There are 2 protein chains.
Amino acid sequence: MDHKTLQSYIQPVIELAEEELALLMSCAIKRPLKKGEQLLKQGEVCSTFYLVESGYLRTYYDREGVAINMNFTFEGDFTSNLRSYRSRLPSELIIEAGEDTIAWIFNLRQLSQQYDTYPNVTRFVRRLAISQLLAAQEHSDLFKLYTPTERYRHIEKNNPHLLQRVSLSQLASYLGVTRETLSRIRAKNN
Amino acid sequence: MDHKTLQSYIQPVIELAEEELALLMSCAIKRPLKKGEQLLKQGEVCSTFYLVESGYLRTYYDREGVAINMNFTFEGDFTSNLRSYRSRLPSELIIEAGEDTIAWIFNLRQLSQQYDTYPNVTRFVRRLAISQLLAAQEHSDLFKLYTPTERYRHIEKNNPHLLQRVSLSQLASYLGVTRETLSRIRAKNN
DNA sequence: TTTCGATTGTGATTTTGATCACAGGTCGCT
DNA sequence: AGCGACCTGTGATCAAAATCACAATCGAAA
């Protein structure tokens, strides 16, 4: 990934100088993943955030062998486990490749040592965190406010790309229903 | 509220100097509320955060006249609507007094003008935001992971004070069930 | 203490989604 | 082309919670 590409991903979050981009890149490692390979394992303490260059990442809980999907991260988007990073407690979440994926791993602790010198990098990381949390909250509000069918329609309207990229079975737990129910919701739709 | 009391509320978030506390206080207004009075109305843009001195605040959506509770904020705790603050879009959430309450209103936009001079105040606000969002997320994860009964037990274990302070009817929508169902869950418990 | 209003408990019924079971379909691999 | 693994669709049944209806209880104010 060149600086220009990185910059295009960071642009929506904050404007960074060349020097700041260079710092970010110096704390990053490119990581190609086969479908199903795990970037963050259950029980690991998270000290990084991830940028997806191609493919997508799936963030999920493993409830007695059953995956419950919490998030999907696509090209140009960032993800992490902030709870684990912040508390330094082992992650309950797993982050893995939903298909063959190229991800970039940014070392947050390493980055944070430079915070005093590069305040814009601090701002960038902070905004990233807040955006992520606000987005997660927005999604989980759906569970209190809407029925399964309404949740599906909401995704259809606001995140239609999800339906293209993720299999029905994967989407089901993200919407908090079984795959059978989601199949029936979709059938009624047409 | 004197500086000492304020400091004791802020302490868990960050250590602040006397000068920084003074700045915070200068951006704050004391606001006594009768039960049911609204601090943040639906449709208002949120530009403040709130500290509860006594009583409690209830944050909820109004779904066609039915309240769906998202959060309860008790003595010594802070709350806000970060989504509205950040996006400058009208708030869908309502924040109101759950009983007679004394709240402090902190003007965030006013405060943020001093961010360059008082970096610790910036850090304080940032941490407050992240804590709030992480807590909100933790609560909403319950909806994907657990059944209504398990959610109730989780609250019983991790937030027992909620059961003392909030009526069954109020708690029901917070747990995503009807009051009848919550009453039955509780009946089985004993 | 009595009364009114709000809150909670509880039964009967209905609705929704989960579970179980299995039949196609699709895709990659050999 | 044929096999096998995985994914999707669909019916039948079951379980859980919503809804509806009303009784019991509690609490504040007269």
# chains A, B, ... in the order shown; residues from 1 in each chain; ligands from 1
>>> interface_residues(of="chain C", to="chain A", cutoff="12 Å", atoms="only C-alpha atoms (C1' of nucleotides)", output="list in words")
DT16, DG17, DA18, DT19 and DC20 of chain C
>>> interface_residues(of="chain D", to="chain B", cutoff="10 Å", atoms="only C-alpha atoms (C1' of nucleotides)", output="JSON, numbers by chain")
{"D": [16, 17, 18, 19]}
>>> interface_residues(of="chain B", to="chain A", cutoff="8 Å", atoms="only C-alpha atoms", output="ChimeraX atom specification")
/B:63,68,83,126,129-130,133-134,136-137,140-141,143-145,173,176
>>> write_last_selection(atoms="all heavy atoms", output="short mmCIF file (atom, residue, chain, number, x, y, z; two decimals), in the first residue's frame")
data_model
loop_
_atom_site.label_atom_id
_atom_site.label_comp_id
_atom_site.auth_asym_id
_atom_site.auth_seq_id
_atom_site.Cartn_x
_atom_site.Cartn_y
_atom_site.Cartn_z
N ARG B 63 -41.02 5.61 20.76
CA ARG B 63 -41.50 4.89 19.57
C ARG B 63 -43.02 4.99 19.55
O ARG B 63 -43.69 4.19 20.23
CB ARG B 63 -41.11 3.41 19.64
CG ARG B 63 -39.74 3.04 19.14
CD ARG B 63 -39.54 2.99 17.64
NE ARG B 63 -39.95 1.76 16.97
CZ ARG B 63 -40.09 1.71 15.63
NH1 ARG B 63 -39.86 2.75 14.88
NH2 ARG B 63 -40.44 0.57 15.06
N ILE B 68 -38.85 3.63 25.09
CA ILE B 68 -37.91 2.51 25.10
C ILE B 68 -36.63 2.99 25.76
O ILE B 68 -35.88 3.78 25.18
CB ILE B 68 -37.65 2.01 23.67
CG1 ILE B 68 -38.97 1.52 23.07
CG2 ILE B 68 -36.61 0.90 23.68
CD1 ILE B 68 -38.87 1.07 21.65
N ARG B 83 -23.99 10.94 19.72
CA ARG B 83 -24.32 10.87 18.29
C ARG B 83 -24.79 12.24 17.81
O ARG B 83 -24.30 12.74 16.80
CB ARG B 83 -25.42 9.83 18.06
CG ARG B 83 -25.88 9.79 16.64
CD ARG B 83 -26.19 8.40 16.14
NE ARG B 83 -27.31 7.75 16.80
CZ ARG B 83 -27.32 6.48 17.20
NH1 ARG B 83 -26.25 5.74 17.03
NH2 ARG B 83 -28.37 5.98 17.77
N ARG B 126 -12.76 13.20 26.28
CA ARG B 126 -12.58 12.06 25.39
C ARG B 126 -12.83 10.75 26.13
O ARG B 126 -13.54 9.87 25.67
CB ARG B 126 -11.17 12.09 24.83
CG ARG B 126 -10.84 10.94 23.97
CD ARG B 126 -9.50 11.14 23.33
NE ARG B 126 -8.39 10.80 24.20
CZ ARG B 126 -7.25 11.49 24.27
NH1 ARG B 126 -7.11 12.59 23.57
NH2 ARG B 126 -6.29 11.09 25.06
N ALA B 129 -16.42 10.14 26.83
CA ALA B 129 -17.12 9.68 25.64
C ALA B 129 -16.87 8.20 25.41
O ALA B 129 -17.81 7.42 25.22
CB ALA B 129 -16.66 10.49 24.42
N ILE B 130 -15.61 7.81 25.47
CA ILE B 130 -15.28 6.41 25.19
C ILE B 130 -15.91 5.50 26.24
O ILE B 130 -16.48 4.45 25.91
CB ILE B 130 -13.75 6.21 25.14
CG1 ILE B 130 -13.14 7.11 24.05
CG2 ILE B 130 -13.40 4.75 24.93
CD1 ILE B 130 -12.66 6.44 22.81
N LEU B 133 -19.60 5.11 25.55
CA LEU B 133 -19.90 4.28 24.38
C LEU B 133 -19.59 2.82 24.66
O LEU B 133 -20.34 1.93 24.26
CB LEU B 133 -19.12 4.80 23.17
CG LEU B 133 -19.64 6.12 22.61
CD1 LEU B 133 -18.67 6.71 21.60
CD2 LEU B 133 -21.00 5.91 21.96
N LEU B 134 -18.50 2.56 25.35
CA LEU B 134 -18.16 1.17 25.69
C LEU B 134 -19.22 0.55 26.59
O LEU B 134 -19.62 -0.60 26.40
CB LEU B 134 -16.78 1.10 26.36
CG LEU B 134 -15.58 1.17 25.42
CD1 LEU B 134 -14.28 1.30 26.21
CD2 LEU B 134 -15.51 -0.05 24.50
N ALA B 136 -22.38 1.46 26.82
CA ALA B 136 -23.59 1.29 26.03
C ALA B 136 -23.48 0.04 25.18
O ALA B 136 -24.43 -0.74 25.05
CB ALA B 136 -23.83 2.51 25.15
N GLN B 137 -22.30 -0.18 24.62
CA GLN B 137 -22.11 -1.34 23.76
C GLN B 137 -22.20 -2.62 24.56
O GLN B 137 -22.82 -3.60 24.12
CB GLN B 137 -20.73 -1.25 23.12
CG GLN B 137 -20.82 -1.49 21.63
CD GLN B 137 -19.56 -2.03 21.10
OE1 GLN B 137 -18.51 -1.44 21.29
NE2 GLN B 137 -19.66 -3.16 20.42
N SER B 140 -25.72 -3.42 25.08
CA SER B 140 -26.50 -3.87 23.92
C SER B 140 -26.01 -5.21 23.39
O SER B 140 -26.76 -5.93 22.73
CB SER B 140 -26.55 -2.81 22.82
OG SER B 140 -25.35 -2.11 22.73
N ASP B 141 -24.78 -5.58 23.71
CA ASP B 141 -24.32 -6.93 23.37
C ASP B 141 -25.21 -7.98 24.01
O ASP B 141 -25.41 -9.07 23.46
CB ASP B 141 -22.87 -7.16 23.84
CG ASP B 141 -21.87 -6.50 22.91
OD1 ASP B 141 -22.29 -5.83 21.95
OD2 ASP B 141 -20.67 -6.66 23.14
N PHE B 143 -28.21 -8.17 24.10
CA PHE B 143 -29.37 -8.49 23.26
C PHE B 143 -29.06 -9.55 22.23
O PHE B 143 -29.92 -10.35 21.88
CB PHE B 143 -29.90 -7.23 22.58
CG PHE B 143 -30.73 -6.40 23.51
CD1 PHE B 143 -30.13 -5.65 24.51
CD2 PHE B 143 -32.10 -6.39 23.41
CE1 PHE B 143 -30.88 -4.91 25.39
CE2 PHE B 143 -32.86 -5.65 24.29
CZ PHE B 143 -32.25 -4.91 25.29
N LYS B 144 -27.82 -9.54 21.75
CA LYS B 144 -27.46 -10.56 20.76
C LYS B 144 -27.09 -11.87 21.43
O LYS B 144 -27.26 -12.94 20.87
CB LYS B 144 -26.28 -10.08 19.92
CG LYS B 144 -26.71 -9.35 18.69
CD LYS B 144 -25.57 -9.31 17.69
CE LYS B 144 -25.86 -8.30 16.61
NZ LYS B 144 -24.70 -8.06 15.76
N LEU B 145 -26.56 -11.76 22.63
CA LEU B 145 -25.96 -12.95 23.25
C LEU B 145 -26.93 -13.71 24.15
O LEU B 145 -26.82 -14.93 24.28
CB LEU B 145 -24.73 -12.55 24.06
CG LEU B 145 -23.55 -12.02 23.24
CD1 LEU B 145 -22.48 -11.43 24.14
CD2 LEU B 145 -22.97 -13.13 22.38
N SER B 173 -38.45 -2.23 29.32
CA SER B 173 -38.03 -1.87 27.96
C SER B 173 -36.50 -1.81 27.87
O SER B 173 -35.93 -2.03 26.81
CB SER B 173 -38.64 -0.54 27.54
OG SER B 173 -38.06 0.54 28.23
N GLY B 176 -35.65 -5.08 26.99
CA GLY B 176 -36.25 -5.51 25.72
C GLY B 176 -37.37 -6.52 25.88
O GLY B 176 -37.53 -7.40 25.04
#
>>> residues_around(residues="DA12 (chain C)", least_positions_apart="4", cutoff="12 Å", atoms="only C-alpha atoms (C1' of nucleotides)", output="list of chain:residue names")
D:DT19, D:DC20, D:DA21, D:DC22
>>> atom_distance(atom1="CA of Glu53 (chain A)", atom2="CA of Phe74 (chain A)")
8.0 Å
>>> select_by_dssp(residues="chain A", states="strand (DSSP E)", output="PyMOL selection string")
chain A and resi 28-33+38-40+48-54+57-63+66-73+78-80+93-97+101-107
>>> atom_distance(atom1="CA of Lys34 (chain A)", atom2="CA of Asn158 (chain A)")
28.8 Å
>>> decode(residues="region 52-64 of chain B", atoms="all heavy atoms", output="PDB file, in the first residue's frame")
ATOM      1  N   VAL B  52     -25.049  13.922  37.083  1.00  0.00           N
ATOM      2  CA  VAL B  52     -26.137  13.792  38.053  1.00  0.00           C
ATOM      3  C   VAL B  52     -25.591  13.972  39.467  1.00  0.00           C
ATOM      4  O   VAL B  52     -24.660  13.266  39.863  1.00  0.00           O
ATOM      5  CB  VAL B  52     -26.823  12.416  37.918  1.00  0.00           C
ATOM      6  CG1 VAL B  52     -27.899  12.248  38.989  1.00  0.00           C
ATOM      7  CG2 VAL B  52     -27.420  12.263  36.532  1.00  0.00           C
ATOM      8  N   GLU B  53     -26.158  14.915  40.191  1.00  0.00           N
ATOM      9  CA  GLU B  53     -25.750  15.114  41.586  1.00  0.00           C
ATOM     10  C   GLU B  53     -26.663  14.310  42.519  1.00  0.00           C
ATOM     11  O   GLU B  53     -26.208  13.704  43.484  1.00  0.00           O
ATOM     12  CB  GLU B  53     -25.807  16.601  41.950  1.00  0.00           C
ATOM     13  CG  GLU B  53     -25.310  16.881  43.363  1.00  0.00           C
ATOM     14  CD  GLU B  53     -25.245  18.366  43.697  1.00  0.00           C
ATOM     15  OE1 GLU B  53     -24.940  19.178  42.790  1.00  0.00           O
ATOM     16  OE2 GLU B  53     -25.498  18.719  44.859  1.00  0.00           O
ATOM     17  N   SER B  54     -27.967  14.315  42.227  1.00  0.00           N
ATOM     18  CA  SER B  54     -28.896  13.465  42.982  1.00  0.00           C
ATOM     19  C   SER B  54     -30.082  13.124  42.087  1.00  0.00           C
ATOM     20  O   SER B  54     -30.333  13.822  41.113  1.00  0.00           O
ATOM     21  CB  SER B  54     -29.386  14.189  44.240  1.00  0.00           C
ATOM     22  OG  SER B  54     -30.167  15.307  43.868  1.00  0.00           O
ATOM     23  N   GLY B  55     -30.788  12.041  42.427  1.00  0.00           N
ATOM     24  CA  GLY B  55     -31.856  11.555  41.550  1.00  0.00           C
ATOM     25  C   GLY B  55     -31.259  10.723  40.423  1.00  0.00           C
ATOM     26  O   GLY B  55     -30.160  10.195  40.563  1.00  0.00           O
ATOM     27  N   TYR B  56     -31.995  10.599  39.326  1.00  0.00           N
ATOM     28  CA  TYR B  56     -31.398   9.937  38.156  1.00  0.00           C
ATOM     29  C   TYR B  56     -32.025  10.396  36.853  1.00  0.00           C
ATOM     30  O   TYR B  56     -33.153  10.905  36.835  1.00  0.00           O
ATOM     31  CB  TYR B  56     -31.449   8.409  38.287  1.00  0.00           C
ATOM     32  CG  TYR B  56     -32.787   7.750  38.034  1.00  0.00           C
ATOM     33  CD1 TYR B  56     -33.191   7.397  36.748  1.00  0.00           C
ATOM     34  CD2 TYR B  56     -33.648   7.452  39.088  1.00  0.00           C
ATOM     35  CE1 TYR B  56     -34.413   6.777  36.513  1.00  0.00           C
ATOM     36  CE2 TYR B  56     -34.876   6.829  38.868  1.00  0.00           C
ATOM     37  CZ  TYR B  56     -35.250   6.503  37.583  1.00  0.00           C
ATOM     38  OH  TYR B  56     -36.462   5.901  37.350  1.00  0.00           O
ATOM     39  N   LEU B  57     -31.250  10.228  35.782  1.00  0.00           N
ATOM     40  CA  LEU B  57     -31.711  10.583  34.446  1.00  0.00           C
ATOM     41  C   LEU B  57     -32.025   9.327  33.653  1.00  0.00           C
ATOM     42  O   LEU B  57     -31.351   8.310  33.789  1.00  0.00           O
ATOM     43  CB  LEU B  57     -30.638  11.396  33.703  1.00  0.00           C
ATOM     44  CG  LEU B  57     -30.295  12.757  34.292  1.00  0.00           C
ATOM     45  CD1 LEU B  57     -29.155  13.407  33.504  1.00  0.00           C
ATOM     46  CD2 LEU B  57     -31.519  13.673  34.313  1.00  0.00           C
ATOM     47  N   ARG B  58     -33.058   9.434  32.838  1.00  0.00           N
ATOM     48  CA  ARG B  58     -33.489   8.321  32.012  1.00  0.00           C
ATOM     49  C   ARG B  58     -33.349   8.743  30.556  1.00  0.00           C
ATOM     50  O   ARG B  58     -33.828   9.800  30.167  1.00  0.00           O
ATOM     51  CB  ARG B  58     -34.950   8.029  32.352  1.00  0.00           C
ATOM     52  CG  ARG B  58     -35.587   6.869  31.684  1.00  0.00           C
ATOM     53  CD  ARG B  58     -36.888   6.516  32.416  1.00  0.00           C
ATOM     54  NE  ARG B  58     -37.922   7.502  32.200  1.00  0.00           N
ATOM     55  CZ  ARG B  58     -38.785   7.468  31.174  1.00  0.00           C
ATOM     56  NH1 ARG B  58     -38.718   6.511  30.291  1.00  0.00           N
ATOM     57  NH2 ARG B  58     -39.708   8.389  31.056  1.00  0.00           N
ATOM     58  N   THR B  59     -32.657   7.916  29.763  1.00  0.00           N
ATOM     59  CA  THR B  59     -32.459   8.199  28.335  1.00  0.00           C
ATOM     60  C   THR B  59     -33.297   7.215  27.547  1.00  0.00           C
ATOM     61  O   THR B  59     -33.151   6.006  27.736  1.00  0.00           O
ATOM     62  CB  THR B  59     -30.976   8.032  27.964  1.00  0.00           C
ATOM     63  OG1 THR B  59     -30.198   8.900  28.780  1.00  0.00           O
ATOM     64  CG2 THR B  59     -30.736   8.356  26.505  1.00  0.00           C
ATOM     65  N   TYR B  60     -34.163   7.708  26.701  1.00  0.00           N
ATOM     66  CA  TYR B  60     -35.062   6.801  25.984  1.00  0.00           C
ATOM     67  C   TYR B  60     -35.465   7.296  24.608  1.00  0.00           C
ATOM     68  O   TYR B  60     -35.368   8.478  24.308  1.00  0.00           O
ATOM     69  CB  TYR B  60     -36.325   6.537  26.819  1.00  0.00           C
ATOM     70  CG  TYR B  60     -37.222   7.742  27.042  1.00  0.00           C
ATOM     71  CD1 TYR B  60     -38.343   7.957  26.244  1.00  0.00           C
ATOM     72  CD2 TYR B  60     -36.948   8.666  28.040  1.00  0.00           C
ATOM     73  CE1 TYR B  60     -39.174   9.049  26.441  1.00  0.00           C
ATOM     74  CE2 TYR B  60     -37.763   9.767  28.243  1.00  0.00           C
ATOM     75  CZ  TYR B  60     -38.878   9.957  27.442  1.00  0.00           C
ATOM     76  OH  TYR B  60     -39.673  11.053  27.642  1.00  0.00           O
ATOM     77  N   TYR B  61     -35.875   6.332  23.775  1.00  0.00           N
ATOM     78  CA  TYR B  61     -36.521   6.633  22.512  1.00  0.00           C
ATOM     79  C   TYR B  61     -38.024   6.656  22.737  1.00  0.00           C
ATOM     80  O   TYR B  61     -38.550   5.873  23.528  1.00  0.00           O
ATOM     81  CB  TYR B  61     -36.241   5.542  21.465  1.00  0.00           C
ATOM     82  CG  TYR B  61     -34.885   5.568  20.836  1.00  0.00           C
ATOM     83  CD1 TYR B  61     -33.898   4.673  21.238  1.00  0.00           C
ATOM     84  CD2 TYR B  61     -34.579   6.474  19.826  1.00  0.00           C
ATOM     85  CE1 TYR B  61     -32.641   4.681  20.645  1.00  0.00           C
ATOM     86  CE2 TYR B  61     -33.324   6.486  19.233  1.00  0.00           C
ATOM     87  CZ  TYR B  61     -32.365   5.589  19.644  1.00  0.00           C
ATOM     88  OH  TYR B  61     -31.134   5.596  19.066  1.00  0.00           O
ATOM     89  N   ASP B  62     -38.701   7.535  21.997  1.00  0.00           N
ATOM     90  CA  ASP B  62     -40.158   7.525  22.005  1.00  0.00           C
ATOM     91  C   ASP B  62     -40.620   6.895  20.693  1.00  0.00           C
ATOM     92  O   ASP B  62     -40.588   7.528  19.640  1.00  0.00           O
ATOM     93  CB  ASP B  62     -40.675   8.964  22.131  1.00  0.00           C
ATOM     94  CG  ASP B  62     -42.189   9.026  22.201  1.00  0.00           C
ATOM     95  OD1 ASP B  62     -42.858   8.219  21.531  1.00  0.00           O
ATOM     96  OD2 ASP B  62     -42.713   9.879  22.937  1.00  0.00           O
ATOM     97  N   ARG B  63     -41.023   5.611  20.761  1.00  0.00           N
ATOM     98  CA  ARG B  63     -41.502   4.892  19.570  1.00  0.00           C
ATOM     99  C   ARG B  63     -43.020   4.986  19.554  1.00  0.00           C
ATOM    100  O   ARG B  63     -43.694   4.195  20.234  1.00  0.00           O
ATOM    101  CB  ARG B  63     -41.114   3.406  19.637  1.00  0.00           C
ATOM    102  CG  ARG B  63     -39.735   3.037  19.139  1.00  0.00           C
ATOM    103  CD  ARG B  63     -39.543   2.991  17.644  1.00  0.00           C
ATOM    104  NE  ARG B  63     -39.950   1.758  16.966  1.00  0.00           N
ATOM    105  CZ  ARG B  63     -40.087   1.706  15.634  1.00  0.00           C
ATOM    106  NH1 ARG B  63     -39.864   2.754  14.882  1.00  0.00           N
ATOM    107  NH2 ARG B  63     -40.439   0.572  15.064  1.00  0.00           N
ATOM    108  N   GLU B  64     -43.546   5.928  18.833  1.00  0.00           N
ATOM    109  CA  GLU B  64     -44.990   6.108  18.741  1.00  0.00           C
ATOM    110  C   GLU B  64     -45.656   6.137  20.121  1.00  0.00           C
ATOM    111  O   GLU B  64     -46.566   5.345  20.399  1.00  0.00           O
ATOM    112  CB  GLU B  64     -45.607   4.994  17.878  1.00  0.00           C
ATOM    113  CG  GLU B  64     -45.259   5.129  16.395  1.00  0.00           C
ATOM    114  CD  GLU B  64     -44.809   3.801  15.800  1.00  0.00           C
ATOM    115  OE1 GLU B  64     -45.339   2.761  16.196  1.00  0.00           O
ATOM    116  OE2 GLU B  64     -43.892   3.808  14.954  1.00  0.00           O
TER     117      GLU B  64
END
